[in-house]
$ cat structure-v4.cif   # mmCIF, C-alpha atoms
data_coords
loop_
_atom_site.label_atom_id
_atom_site.label_comp_id
_atom_site.auth_asym_id
_atom_site.auth_seq_id
_atom_site.Cartn_x
_atom_site.Cartn_y
_atom_site.Cartn_z
CA MET E 1 143.88 -22.17 127.19
CA SER E 2 143.32 -20.19 123.99
CA GLY E 3 144.02 -16.46 123.76
CA GLU E 4 140.27 -15.83 123.49
CA ASP E 5 139.69 -17.60 126.80
CA GLN E 6 142.41 -15.79 128.70
CA GLU E 7 141.49 -12.88 130.92
CA LEU E 8 142.58 -9.47 129.66
CA PRO E 9 144.85 -7.96 132.34
CA VAL E 10 143.49 -4.68 133.69
CA PHE E 11 145.87 -2.58 135.77
CA THR E 12 144.73 0.28 137.97
CA THR E 13 148.00 1.41 139.56
CA ALA E 14 151.08 2.89 137.93
CA ALA E 15 153.37 0.44 139.71
CA ASP E 16 151.51 -2.66 138.52
CA MET E 17 151.29 -1.37 134.97
CA ARG E 18 154.97 -0.47 134.84
CA ASN E 19 156.03 -3.83 136.28
CA TRP E 20 153.96 -5.71 133.67
CA VAL E 21 155.47 -3.69 130.81
CA ARG E 22 159.00 -4.22 132.09
CA LYS E 23 158.42 -7.98 132.18
CA GLN E 24 157.35 -7.83 128.54
CA LYS E 25 160.44 -5.86 127.61
CA LYS E 26 162.71 -8.17 129.58
CA SER E 27 161.35 -10.98 127.39
CA GLY E 28 162.38 -9.01 124.31
CA ARG E 29 158.92 -7.79 123.33
CA LYS E 30 158.26 -4.41 121.74
CA VAL E 31 155.47 -2.44 123.47
CA ALA E 32 152.91 -0.08 121.93
CA LEU E 33 150.57 2.24 123.80
CA VAL E 34 147.16 3.43 122.59
CA PRO E 35 145.94 6.23 124.91
CA THR E 36 142.14 6.65 124.97
CA MET E 37 139.42 8.24 127.09
CA GLY E 38 137.22 5.18 126.64
CA TYR E 39 133.72 4.76 125.20
CA LEU E 40 135.49 3.03 122.37
CA HIS E 41 134.31 2.89 118.77
CA ASP E 42 135.72 1.36 115.59
CA ALA E 43 138.20 4.20 115.06
CA HIS E 44 139.74 3.53 118.49
CA LEU E 45 139.95 -0.16 117.62
CA SER E 46 141.71 0.71 114.36
CA LEU E 47 144.43 2.33 116.50
CA VAL E 48 144.88 -0.94 118.37
CA LYS E 49 145.10 -2.82 115.06
CA ALA E 50 147.72 -0.35 113.82
CA ALA E 51 149.64 -0.78 117.08
CA LEU E 52 149.60 -4.57 116.66
CA GLU E 53 151.39 -4.11 113.35
CA LYS E 54 154.09 -2.06 115.07
CA ALA E 55 154.72 -4.00 118.27
CA ASP E 56 154.53 -7.39 119.96
CA VAL E 57 152.22 -6.29 122.77
CA VAL E 58 149.69 -3.48 122.95
CA VAL E 59 148.55 -1.61 126.05
CA ALA E 60 145.42 0.54 125.79
CA SER E 61 144.79 3.13 128.46
CA ILE E 62 141.28 4.21 129.45
CA TYR E 63 141.18 7.46 131.38
CA VAL E 64 138.96 10.53 131.06
CA ASN E 65 141.61 13.15 131.76
CA PRO E 66 140.16 16.00 133.86
CA THR E 67 142.95 18.50 133.21
CA GLN E 68 142.07 18.82 129.52
CA PHE E 69 138.53 19.95 130.40
CA ALA E 70 137.38 23.36 131.64
CA ALA E 71 134.57 23.74 134.15
CA HIS E 72 132.03 24.70 131.45
CA GLU E 73 132.87 21.65 129.29
CA ASP E 74 131.57 18.09 129.30
CA PHE E 75 133.82 16.20 131.74
CA ASP E 76 130.87 15.15 133.93
CA VAL E 77 128.74 13.91 131.03
CA TYR E 78 131.54 12.50 128.86
CA PRO E 79 130.32 8.98 127.91
CA ARG E 80 131.85 6.09 129.82
CA ASN E 81 131.39 2.30 129.60
CA ALA E 82 134.43 0.47 130.95
CA ASP E 83 132.98 -3.07 130.73
CA GLU E 84 132.18 -2.75 127.02
CA ASP E 85 135.53 -1.08 126.39
CA ARG E 86 137.43 -4.01 127.91
CA ALA E 87 135.42 -6.52 125.88
CA LYS E 88 136.14 -4.62 122.65
CA LEU E 89 139.84 -4.36 123.43
CA LYS E 90 140.07 -8.08 124.18
CA ALA E 91 138.23 -8.94 120.95
CA VAL E 92 140.56 -6.84 118.81
CA GLY E 93 143.72 -8.30 120.33
CA ALA E 94 144.99 -5.84 122.95
CA HIS E 95 147.21 -7.43 125.57
CA ALA E 96 146.54 -5.23 128.61
CA VAL E 97 144.47 -2.28 129.79
CA PHE E 98 145.64 0.54 132.03
CA GLU E 99 142.61 1.96 133.79
CA PRO E 100 143.75 4.23 136.64
CA GLU E 101 141.28 5.81 139.02
CA SER E 102 143.35 8.99 138.84
CA LEU E 103 146.67 10.13 137.43
CA TYR E 104 146.85 13.18 139.68
CA VAL E 105 147.56 13.80 143.33
CA GLN E 106 144.37 13.18 145.26
CA VAL E 107 143.71 15.87 147.84
CA PRO E 108 141.71 14.46 150.79
CA GLY E 109 138.00 15.07 150.31
CA ALA E 110 138.33 16.17 146.66
CA SER E 111 136.91 14.21 143.73
CA GLU E 112 138.61 13.59 140.38
CA GLY E 113 136.56 16.49 139.03
CA ALA E 114 138.57 18.84 141.23
CA ASN E 115 141.31 18.59 138.60
CA VAL E 116 139.06 20.10 135.92
CA VAL E 117 140.36 23.55 134.99
CA GLY E 118 138.38 26.14 136.92
CA ARG E 119 137.45 23.75 139.71
CA GLU E 120 140.88 23.35 141.23
CA THR E 121 140.96 23.28 145.01
CA HIS E 122 144.32 25.13 145.09
CA HIS E 123 145.18 23.00 148.10
CA PRO E 124 148.94 23.31 148.85
CA ASP E 125 149.33 19.58 148.12
CA SER E 126 147.49 19.68 144.77
CA HIS E 127 149.06 18.61 141.49
CA GLU E 128 150.96 21.56 140.05
CA THR E 129 153.40 20.25 137.42
CA TYR E 130 152.34 20.53 133.77
CA VAL E 131 153.88 20.06 130.33
CA THR E 132 153.33 22.54 127.51
CA VAL E 133 154.38 22.76 123.86
CA GLU E 134 154.56 26.50 123.61
CA ARG E 135 153.83 27.36 119.97
CA LEU E 136 152.01 24.38 118.45
CA GLN E 137 149.39 24.36 121.21
CA LYS E 138 148.24 27.93 120.52
CA PRO E 139 146.30 27.78 117.22
CA LEU E 140 143.09 25.83 116.47
CA CYS E 141 141.82 24.15 119.65
CA GLY E 142 144.26 26.21 121.70
CA GLY E 143 142.32 29.36 120.80
CA SER E 144 139.00 28.46 122.43
CA ARG E 145 140.46 25.83 124.80
CA PRO E 146 143.75 27.35 126.05
CA HIS E 147 143.89 24.79 128.85
CA PHE E 148 143.50 21.77 126.57
CA PHE E 149 146.97 20.86 125.41
CA ARG E 150 148.54 21.53 128.78
CA GLY E 151 146.30 18.77 130.08
CA VAL E 152 146.89 16.49 127.09
CA CYS E 153 150.67 16.80 127.18
CA THR E 154 150.78 16.30 130.93
CA VAL E 155 148.66 13.15 130.93
CA VAL E 156 150.46 11.68 127.91
CA THR E 157 153.82 12.36 129.55
CA LYS E 158 152.61 10.52 132.64
CA LEU E 159 151.36 7.61 130.52
CA PHE E 160 154.71 7.45 128.74
CA HIS E 161 156.57 7.30 132.05
CA ILE E 162 154.25 4.62 133.41
CA CYS E 163 153.83 2.42 130.33
CA GLU E 164 157.31 3.00 128.84
CA PRO E 165 156.17 2.25 125.27
CA ASP E 166 158.38 1.88 122.23
CA VAL E 167 155.50 3.05 120.02
CA ALA E 168 152.53 5.35 120.74
CA VAL E 169 149.54 5.42 118.38
CA PHE E 170 147.18 8.37 117.94
CA GLY E 171 144.32 9.12 115.58
CA ARG E 172 144.66 11.95 113.08
CA LYS E 173 141.13 13.17 113.76
CA ASP E 174 142.82 14.97 116.66
CA TYR E 175 145.37 16.28 114.18
CA GLN E 176 146.77 19.09 116.29
CA GLN E 177 147.16 16.66 119.20
CA PHE E 178 149.12 14.31 116.93
CA ARG E 179 151.47 17.12 115.92
CA VAL E 180 151.80 18.50 119.48
CA ILE E 181 152.63 15.06 120.92
CA SER E 182 155.11 14.41 118.11
CA ARG E 183 156.88 17.68 118.89
CA MET E 184 156.85 16.96 122.64
CA VAL E 185 158.42 13.54 122.04
CA ARG E 186 161.12 15.12 119.88
CA ASP E 187 161.88 17.97 122.26
CA LEU E 188 161.91 15.89 125.46
CA ASP E 189 163.92 13.00 123.94
CA PHE E 190 161.35 10.29 124.55
CA PRO E 191 162.59 7.10 122.82
CA ILE E 192 159.14 6.58 121.31
CA GLU E 193 157.89 6.31 117.73
CA VAL E 194 154.68 8.33 117.36
CA VAL E 195 152.30 6.89 114.76
CA GLY E 196 149.31 8.77 113.32
CA VAL E 197 146.37 6.73 111.99
CA PRO E 198 143.92 8.13 109.38
CA ILE E 199 140.46 9.29 110.49
CA GLY E 200 137.84 6.59 110.92
CA ARG E 201 134.46 7.56 109.46
CA GLU E 202 130.90 6.33 109.64
CA ALA E 203 129.30 5.11 106.40
CA ASP E 204 127.79 8.57 105.83
CA GLY E 205 131.14 10.35 106.29
CA LEU E 206 130.86 11.62 109.87
CA ALA E 207 134.17 11.27 111.71
CA MET E 208 133.89 8.67 114.46
CA SER E 209 133.91 10.22 117.93
CA SER E 210 132.82 9.21 121.42
CA ARG E 211 130.94 12.49 121.55
CA ASN E 212 128.73 11.45 118.61
CA ALA E 213 126.65 9.51 121.14
CA ARG E 214 125.52 12.83 122.63
CA LEU E 215 124.12 14.17 119.35
CA SER E 216 120.38 14.31 118.83
CA PRO E 217 119.18 12.69 115.55
CA GLU E 218 118.68 16.17 114.09
CA SER E 219 122.16 17.30 115.14
CA ARG E 220 123.64 14.06 113.82
CA GLU E 221 122.25 14.89 110.38
CA LYS E 222 123.41 18.51 110.56
CA ALA E 223 126.93 17.39 111.51
CA LEU E 224 127.40 15.83 108.08
CA CYS E 225 128.18 19.35 106.85
CA LEU E 226 131.69 18.85 108.25
CA SER E 227 132.68 15.97 105.98
CA ARG E 228 130.84 17.58 103.06
CA GLY E 229 132.80 20.80 103.50
CA LEU E 230 136.08 18.89 103.65
CA ALA E 231 135.18 16.89 100.54
CA TRP E 232 134.41 20.10 98.65
CA ALA E 233 137.80 21.55 99.63
CA GLU E 234 139.66 18.38 98.64
CA LYS E 235 138.03 18.44 95.21
CA ALA E 236 138.70 22.16 94.73
CA ALA E 237 142.35 21.77 95.70
CA ALA E 238 142.83 18.72 93.45
CA GLU E 239 141.28 20.52 90.49
CA GLY E 240 143.14 23.76 91.21
CA SER E 241 139.87 25.67 90.99
CA VAL E 242 140.54 27.51 94.27
CA SER E 243 144.03 28.39 95.51
CA ASP E 244 143.26 31.20 97.95
CA SER E 245 142.95 30.06 101.56
CA ALA E 246 140.51 32.83 102.50
CA ALA E 247 138.11 31.76 99.74
CA VAL E 248 138.18 28.12 100.88
CA GLN E 249 137.69 29.16 104.49
CA ALA E 250 134.71 31.36 103.65
CA HIS E 251 133.02 28.71 101.52
CA VAL E 252 133.39 25.91 104.10
CA ARG E 253 132.26 28.19 106.93
CA GLY E 254 129.20 29.11 104.88
CA LEU E 255 128.29 25.45 104.35
CA ILE E 256 128.53 24.78 108.08
CA GLU E 257 126.55 27.83 109.16
CA GLU E 258 123.87 27.11 106.56
CA ALA E 259 123.47 23.63 108.10
CA GLY E 260 123.04 25.12 111.59
CA GLY E 261 126.47 24.49 113.09
CA LYS E 262 128.06 27.06 115.39
CA VAL E 263 131.64 27.50 114.21
CA ASP E 264 134.50 27.50 116.70
CA TYR E 265 137.05 27.60 113.90
CA VAL E 266 137.54 26.88 110.22
CA GLU E 267 141.27 27.24 109.65
CA LEU E 268 143.86 26.50 106.99
CA LEU E 269 147.40 26.04 108.31
CA HIS E 270 150.64 24.43 107.22
CA ALA E 271 150.14 20.71 107.82
CA ILE E 272 153.49 20.20 109.57
CA ASN E 273 154.24 23.33 111.59
CA LEU E 274 150.66 24.71 111.88
CA GLY E 275 151.84 28.09 110.66
CA PRO E 276 149.70 30.45 108.53
CA VAL E 277 149.29 29.88 104.79
CA THR E 278 147.79 31.88 101.96
CA ASP E 279 148.58 29.85 98.82
CA LEU E 280 147.18 26.30 98.76
CA SER E 281 148.98 25.04 95.68
CA SER E 282 152.60 24.57 96.76
CA GLN E 283 152.52 23.02 100.23
CA PRO E 284 150.62 20.54 102.40
CA VAL E 285 147.74 22.44 104.00
CA LEU E 286 145.64 21.34 106.95
CA LEU E 287 141.97 22.30 106.78
CA ALA E 288 140.71 21.91 110.35
CA LEU E 289 137.19 22.37 111.69
CA ALA E 290 135.67 22.65 115.16
CA VAL E 291 131.91 23.13 115.34
CA HIS E 292 129.22 23.01 118.04
CA PHE E 293 125.89 21.23 117.58
CA PRO E 294 123.00 20.88 120.08
CA ALA E 295 123.30 17.86 122.38
CA LYS E 296 120.45 15.51 123.20
CA ASP E 297 121.25 15.72 126.93
CA VAL E 298 122.58 19.14 127.92
CA GLY E 299 124.44 21.96 126.21
CA THR E 300 126.23 21.38 122.92
CA VAL E 301 128.56 18.82 121.39
CA ARG E 302 131.83 20.10 119.98
CA LEU E 303 133.01 18.07 117.00
CA ILE E 304 136.32 18.33 115.20
CA ASP E 305 137.35 17.11 111.76
CA ASN E 306 140.10 17.79 109.26
CA THR E 307 141.78 16.92 106.00
CA VAL E 308 145.18 17.61 104.49
CA LEU E 309 145.10 19.28 101.07
CA ASN E 310 148.05 18.45 98.79
CA PRO E 311 149.16 15.53 101.01
CA ASP E 312 151.70 14.47 98.37
CA LYS E 313 153.70 17.60 99.24
CA GLU E 314 153.91 16.63 102.94
#
$ encode --input "structure-v4.cif" --output "structure tokens"
Amino acid sequence: MSGEDQELPVFTTAADMRNWVRKQKKSGRKVALVPTMGYLHDAHLSLVKAALEKADVVVASIYVNPTQFAAHEDFDVYPRNADEDRAKLKAVGAHAVFEPESLYVQVPGASEGANVVGRETHHPDSHETYVTVERLQKPLCGGSRPHFFRGVCTVVTKLFHICEPDVAVFGRKDYQQFRVISRMVRDLDFPIEVVGVPIGREADGLAMSSRNARLSPESREKALCLSRGLAWAEKAAAEGSVSDSAAVQAHVRGLIEEAGGKVDYVELLHAINLGPVTDLSSQPVLLALAVHFPAKDVGTVRLIDNTVLNPDKE
């Protein structure tokens, strides 16, 4: 039977997933993990391709993690399509899928949504152990979403314990997440190589995101101001025409607000330690954006994007 004809293994329990991985390792195979929340697009698939270059077998996880959402956010409407996701993962060469119903203690009578921040049941048997990276989680997304990285680090720690990967692959669109996870792996002595893959973009420059599916056509057009603002900053930094971080921040914010985006943040920080910067000429500088646009279903869609200025100094 050819590889294309073989069924892609899908595991729903931690024990089954762990046993499968350990069999691979016992056979001398190197294992890579690609954590996702599903509704996969080409950028997700590029992570799998990168993982295939780093390891013998690749496990992709599909799990919409409730603890990284707050009650007012889009956990309930986050796009999901498990059947299509599995087909895409099989086509691109993944070797197994971990698709748990929940990664948290299930209190009787409570749904998975009870683990969303602000909806907790506070039942005495509820999940109560979390992982935090104290400093790196505070800027950028940590400002408006203080719950976010606690949830991310906790679920990734659980995935690492279950899947026991040698390599873990993340996209750099979630740049702060990439840095936070890298620091967590270092500090907690996980024997895992963390790999960051460049941002995947649509033909018009918009960063690929599962949330793009929730944009109205008008909002989709407005959202192009993100990549345009980043491109302007890259050009200005390369030419040396602007070296003051406040000037870059003000210009990019103006471009976004003129297009109709509601800014969460436009920030310039040191690209490694996420500390404050003023001069853009002598160090690698992360320009990170988070902006809200009207959704076609309900509420708004929060998009993030980024670039590193002076990457040669990284």
$ closest_residue --input "structure-v4.cif" --among "E:Arg211, E:Asp279, E:Leu268, E:Gln68" --to "Asp244 in chain E" --atoms "all atoms listed in the file"
E:Asp279
$ closest_residue --input "structure-v4.cif" --among "E:Pro284, E:Gly254, E:Thr12, E:Val48" --to "Val31 in chain E" --atoms "only C-alpha atoms"
E:Val48
$ resolve_selection --input "structure-v4.cif" --expression "the PyMOL selection byres ((chain E and resi 99-115) around 7)" --output "PyMOL selection string"
chain E and resi 10-13+61-63+66-67+97-98+116-117+119-121+125-127
$ atom_distance --input "structure-v4.cif" --atom1 "CA of Ala259 in chain E" --atom2 "CA of Asn310 in chain E"
26.8 Å
$ closest_atom_pairs --input "structure-v4.cif" --of "range 194-240 of chain E" --to "range 170-190 of chain E" --cutoff "12 Å" --atoms "only C-alpha atoms" --output "CSV"
residue,atom,partner,partner_atom,distance
E:Val194,CA,E:Ser182,CA,6.1
E:Val195,CA,E:Phe170,CA,6.2
E:Gly196,CA,E:Phe170,CA,5.1
E:Val197,CA,E:Gly171,CA,4.8
E:Pro198,CA,E:Arg172,CA,5.4
E:Ile199,CA,E:Lys173,CA,5.1
E:Gly200,CA,E:Lys173,CA,7.9
E:Arg201,CA,E:Lys173,CA,9.7
E:Leu206,CA,E:Lys173,CA,11.1
E:Ala207,CA,E:Lys173,CA,7.5
E:Met208,CA,E:Lys173,CA,8.6
E:Ser209,CA,E:Lys173,CA,8.8
E:Ser210,CA,E:Lys173,CA,12.0
E:Ser227,CA,E:Lys173,CA,11.8
$ resolve_selection --input "structure-v4.cif" --expression "the PyMOL selection byres ((chain E and resi 307) around 7)" --output "PDB file with C-alpha atoms, keeping the file's coordinate frame"
ATOM      1  CA  LEU E 230     136.080  18.890 103.650  1.00  0.00           C
ATOM      2  CA  LEU E 286     145.640  21.340 106.950  1.00  0.00           C
ATOM      3  CA  LEU E 287     141.970  22.300 106.780  1.00  0.00           C
ATOM      4  CA  ALA E 288     140.710  21.910 110.350  1.00  0.00           C
ATOM      5  CA  ASN E 306     140.100  17.790 109.260  1.00  0.00           C
ATOM      6  CA  VAL E 308     145.180  17.610 104.490  1.00  0.00           C
ATOM      7  CA  LEU E 309     145.100  19.280 101.070  1.00  0.00           C
TER       8      LEU E 309
END
$ closest_residue --input "structure-v4.cif" --among "E:Ala213, E:Val58, E:Leu226, E:Ile162" --to "Tyr39 in chain E" --atoms "only C-alpha atoms"
E:Ala213
$ atom_distance --input "structure-v4.cif" --atom1 "CA of Val298 in chain E" --atom2 "CA of Leu224 in chain E"
20.7 Å
$ closest_residue --input "structure-v4.cif" --among "E:Val64, E:Ala32, E:Ala15, E:Leu255" --to "Ala82 in chain E" --atoms "all atoms listed in the file"
E:Val64
$ closest_residue --input "structure-v4.cif" --among "E:Ala236, E:Ala94, E:Ala60, E:Lys26" --to "Glu7 in chain E" --atoms "all atoms listed in the file"
E:Ala94
$ residues_around --input "structure-v4.cif" --residues "range 141-146 of chain E" --least-positions-apart "6" --cutoff "9 Å" --atoms "all atoms listed in the file" --output "number ranges by chain"
E: 68-70, 176, 264-265, 290
$ write_last_selection --input "structure-v4.cif" --atoms "C-alpha atoms" --output "CSV table (one decimal), in the coordinates of the input"
chain,number,residue,atom,x,y,z
E,68,GLN,CA,142.1,18.8,129.5
E,69,PHE,CA,138.5,20.0,130.4
E,70,ALA,CA,137.4,23.4,131.6
E,176,GLN,CA,146.8,19.1,116.3
E,264,ASP,CA,134.5,27.5,116.7
E,265,TYR,CA,137.0,27.6,113.9
E,290,ALA,CA,135.7,22.6,115.2
$ residues_near_point --input "structure-v4.cif" --point "(133.2, 25.8, 112.7)" --cutoff "9 Å" --atoms "only C-alpha atoms" --output "PyMOL selection string"
chain E and resi 226+252-253+256-257+261-267+288-292+303-304
$ atom_distance --input "structure-v4.cif" --atom1 "CA of Pro124 in chain E" --atom2 "CA of Asp16 in chain E"
28.1 Å
$ decode --input "structure-v4.cif" --residues "range 77-158 of chain E" --atoms "C-alpha atoms" --output "PDB file, in the first residue's frame"
ATOM      1  CA  VAL E  77     -16.970  31.250  16.767  1.00  0.00           C
ATOM      2  CA  TYR E  78     -13.330  30.337  16.093  1.00  0.00           C
ATOM      3  CA  PRO E  79     -13.424  28.516  12.708  1.00  0.00           C
ATOM      4  CA  ARG E  80     -13.192  24.734  12.819  1.00  0.00           C
ATOM      5  CA  ASN E  81     -13.128  22.058  10.097  1.00  0.00           C
ATOM      6  CA  ALA E  82     -11.453  18.879  11.333  1.00  0.00           C
ATOM      7  CA  ASP E  83     -12.175  16.742   8.245  1.00  0.00           C
ATOM      8  CA  GLU E  84     -10.525  19.213   5.866  1.00  0.00           C
ATOM      9  CA  ASP E  85      -7.648  19.697   8.290  1.00  0.00           C
ATOM     10  CA  ARG E  86      -6.882  15.972   8.345  1.00  0.00           C
ATOM     11  CA  ALA E  87      -7.002  15.766   4.551  1.00  0.00           C
ATOM     12  CA  LYS E  88      -4.575  18.699   4.225  1.00  0.00           C
ATOM     13  CA  LEU E  89      -2.197  17.229   6.781  1.00  0.00           C
ATOM     14  CA  LYS E  90      -2.196  13.862   5.020  1.00  0.00           C
ATOM     15  CA  ALA E  91      -1.558  15.518   1.643  1.00  0.00           C
ATOM     16  CA  VAL E  92       1.423  17.487   2.922  1.00  0.00           C
ATOM     17  CA  GLY E  93       3.056  14.464   4.549  1.00  0.00           C
ATOM     18  CA  ALA E  94       2.243  14.578   8.273  1.00  0.00           C
ATOM     19  CA  HIS E  95       2.476  11.194   9.970  1.00  0.00           C
ATOM     20  CA  ALA E  96      -0.104  11.544  12.756  1.00  0.00           C
ATOM     21  CA  VAL E  97      -2.676  13.923  14.203  1.00  0.00           C
ATOM     22  CA  PHE E  98      -3.364  14.547  17.873  1.00  0.00           C
ATOM     23  CA  GLU E  99      -6.933  15.765  18.191  1.00  0.00           C
ATOM     24  CA  PRO E 100      -7.984  15.643  21.865  1.00  0.00           C
ATOM     25  CA  GLU E 101     -11.513  16.465  22.943  1.00  0.00           C
ATOM     26  CA  SER E 102     -10.023  18.327  25.893  1.00  0.00           C
ATOM     27  CA  LEU E 103      -6.649  18.828  27.524  1.00  0.00           C
ATOM     28  CA  TYR E 104      -8.132  19.954  30.823  1.00  0.00           C
ATOM     29  CA  VAL E 105      -9.887  18.275  33.708  1.00  0.00           C
ATOM     30  CA  GLN E 106     -13.524  17.868  32.776  1.00  0.00           C
ATOM     31  CA  VAL E 107     -15.842  18.830  35.611  1.00  0.00           C
ATOM     32  CA  PRO E 108     -19.127  16.869  35.403  1.00  0.00           C
ATOM     33  CA  GLY E 109     -21.775  18.856  33.559  1.00  0.00           C
ATOM     34  CA  ALA E 110     -19.338  21.517  32.291  1.00  0.00           C
ATOM     35  CA  SER E 111     -18.477  22.021  28.627  1.00  0.00           C
ATOM     36  CA  GLU E 112     -15.030  22.713  27.178  1.00  0.00           C
ATOM     37  CA  GLY E 113     -16.021  26.387  27.126  1.00  0.00           C
ATOM     38  CA  ALA E 114     -15.988  26.371  30.919  1.00  0.00           C
ATOM     39  CA  ASN E 115     -12.196  26.628  30.663  1.00  0.00           C
ATOM     40  CA  VAL E 116     -12.416  29.983  28.871  1.00  0.00           C
ATOM     41  CA  VAL E 117     -11.085  32.713  31.156  1.00  0.00           C
ATOM     42  CA  GLY E 118     -14.029  34.396  32.854  1.00  0.00           C
ATOM     43  CA  ARG E 119     -16.304  31.378  32.502  1.00  0.00           C
ATOM     44  CA  GLU E 120     -14.531  29.100  34.938  1.00  0.00           C
ATOM     45  CA  THR E 121     -16.807  27.031  37.140  1.00  0.00           C
ATOM     46  CA  HIS E 122     -14.365  27.283  40.087  1.00  0.00           C
ATOM     47  CA  HIS E 123     -15.398  23.747  40.968  1.00  0.00           C
ATOM     48  CA  PRO E 124     -12.957  22.308  43.559  1.00  0.00           C
ATOM     49  CA  ASP E 125     -11.906  19.654  41.018  1.00  0.00           C
ATOM     50  CA  SER E 126     -11.280  22.120  38.171  1.00  0.00           C
ATOM     51  CA  HIS E 127      -7.942  22.484  36.409  1.00  0.00           C
ATOM     52  CA  GLU E 128      -5.787  24.890  38.407  1.00  0.00           C
ATOM     53  CA  THR E 129      -2.155  24.419  37.335  1.00  0.00           C
ATOM     54  CA  TYR E 130      -0.742  26.916  34.830  1.00  0.00           C
ATOM     55  CA  VAL E 131       2.631  27.837  33.338  1.00  0.00           C
ATOM     56  CA  THR E 132       3.763  31.441  32.949  1.00  0.00           C
ATOM     57  CA  VAL E 133       6.828  33.174  31.515  1.00  0.00           C
ATOM     58  CA  GLU E 134       6.832  36.153  33.789  1.00  0.00           C
ATOM     59  CA  ARG E 135       8.451  38.993  31.820  1.00  0.00           C
ATOM     60  CA  LEU E 136       8.205  38.090  28.127  1.00  0.00           C
ATOM     61  CA  GLN E 137       4.448  37.514  28.351  1.00  0.00           C
ATOM     62  CA  LYS E 138       3.705  41.050  29.572  1.00  0.00           C
ATOM     63  CA  PRO E 139       4.244  43.338  26.539  1.00  0.00           C
ATOM     64  CA  LEU E 140       2.356  43.300  23.211  1.00  0.00           C
ATOM     65  CA  CYS E 141      -0.483  40.750  23.355  1.00  0.00           C
ATOM     66  CA  GLY E 142      -0.009  40.450  27.103  1.00  0.00           C
ATOM     67  CA  GLY E 143      -1.207  44.034  27.525  1.00  0.00           C
ATOM     68  CA  SER E 144      -4.741  43.610  26.182  1.00  0.00           C
ATOM     69  CA  ARG E 145      -4.866  39.823  26.689  1.00  0.00           C
ATOM     70  CA  PRO E 146      -3.189  39.226  30.083  1.00  0.00           C
ATOM     71  CA  HIS E 147      -4.620  35.707  30.197  1.00  0.00           C
ATOM     72  CA  PHE E 148      -3.280  34.692  26.781  1.00  0.00           C
ATOM     73  CA  PHE E 149       0.222  33.400  27.355  1.00  0.00           C
ATOM     74  CA  ARG E 150      -0.689  31.618  30.560  1.00  0.00           C
ATOM     75  CA  GLY E 151      -3.040  29.553  28.423  1.00  0.00           C
ATOM     76  CA  VAL E 152      -0.548  29.140  25.572  1.00  0.00           C
ATOM     77  CA  CYS E 153       2.328  28.049  27.797  1.00  0.00           C
ATOM     78  CA  THR E 154       0.124  25.652  29.722  1.00  0.00           C
ATOM     79  CA  VAL E 155      -1.288  23.922  26.658  1.00  0.00           C
ATOM     80  CA  VAL E 156       2.103  23.751  24.924  1.00  0.00           C
ATOM     81  CA  THR E 157       3.656  22.270  28.062  1.00  0.00           C
ATOM     82  CA  LYS E 158       0.934  19.619  28.082  1.00  0.00           C
TER      83      LYS E 158
END
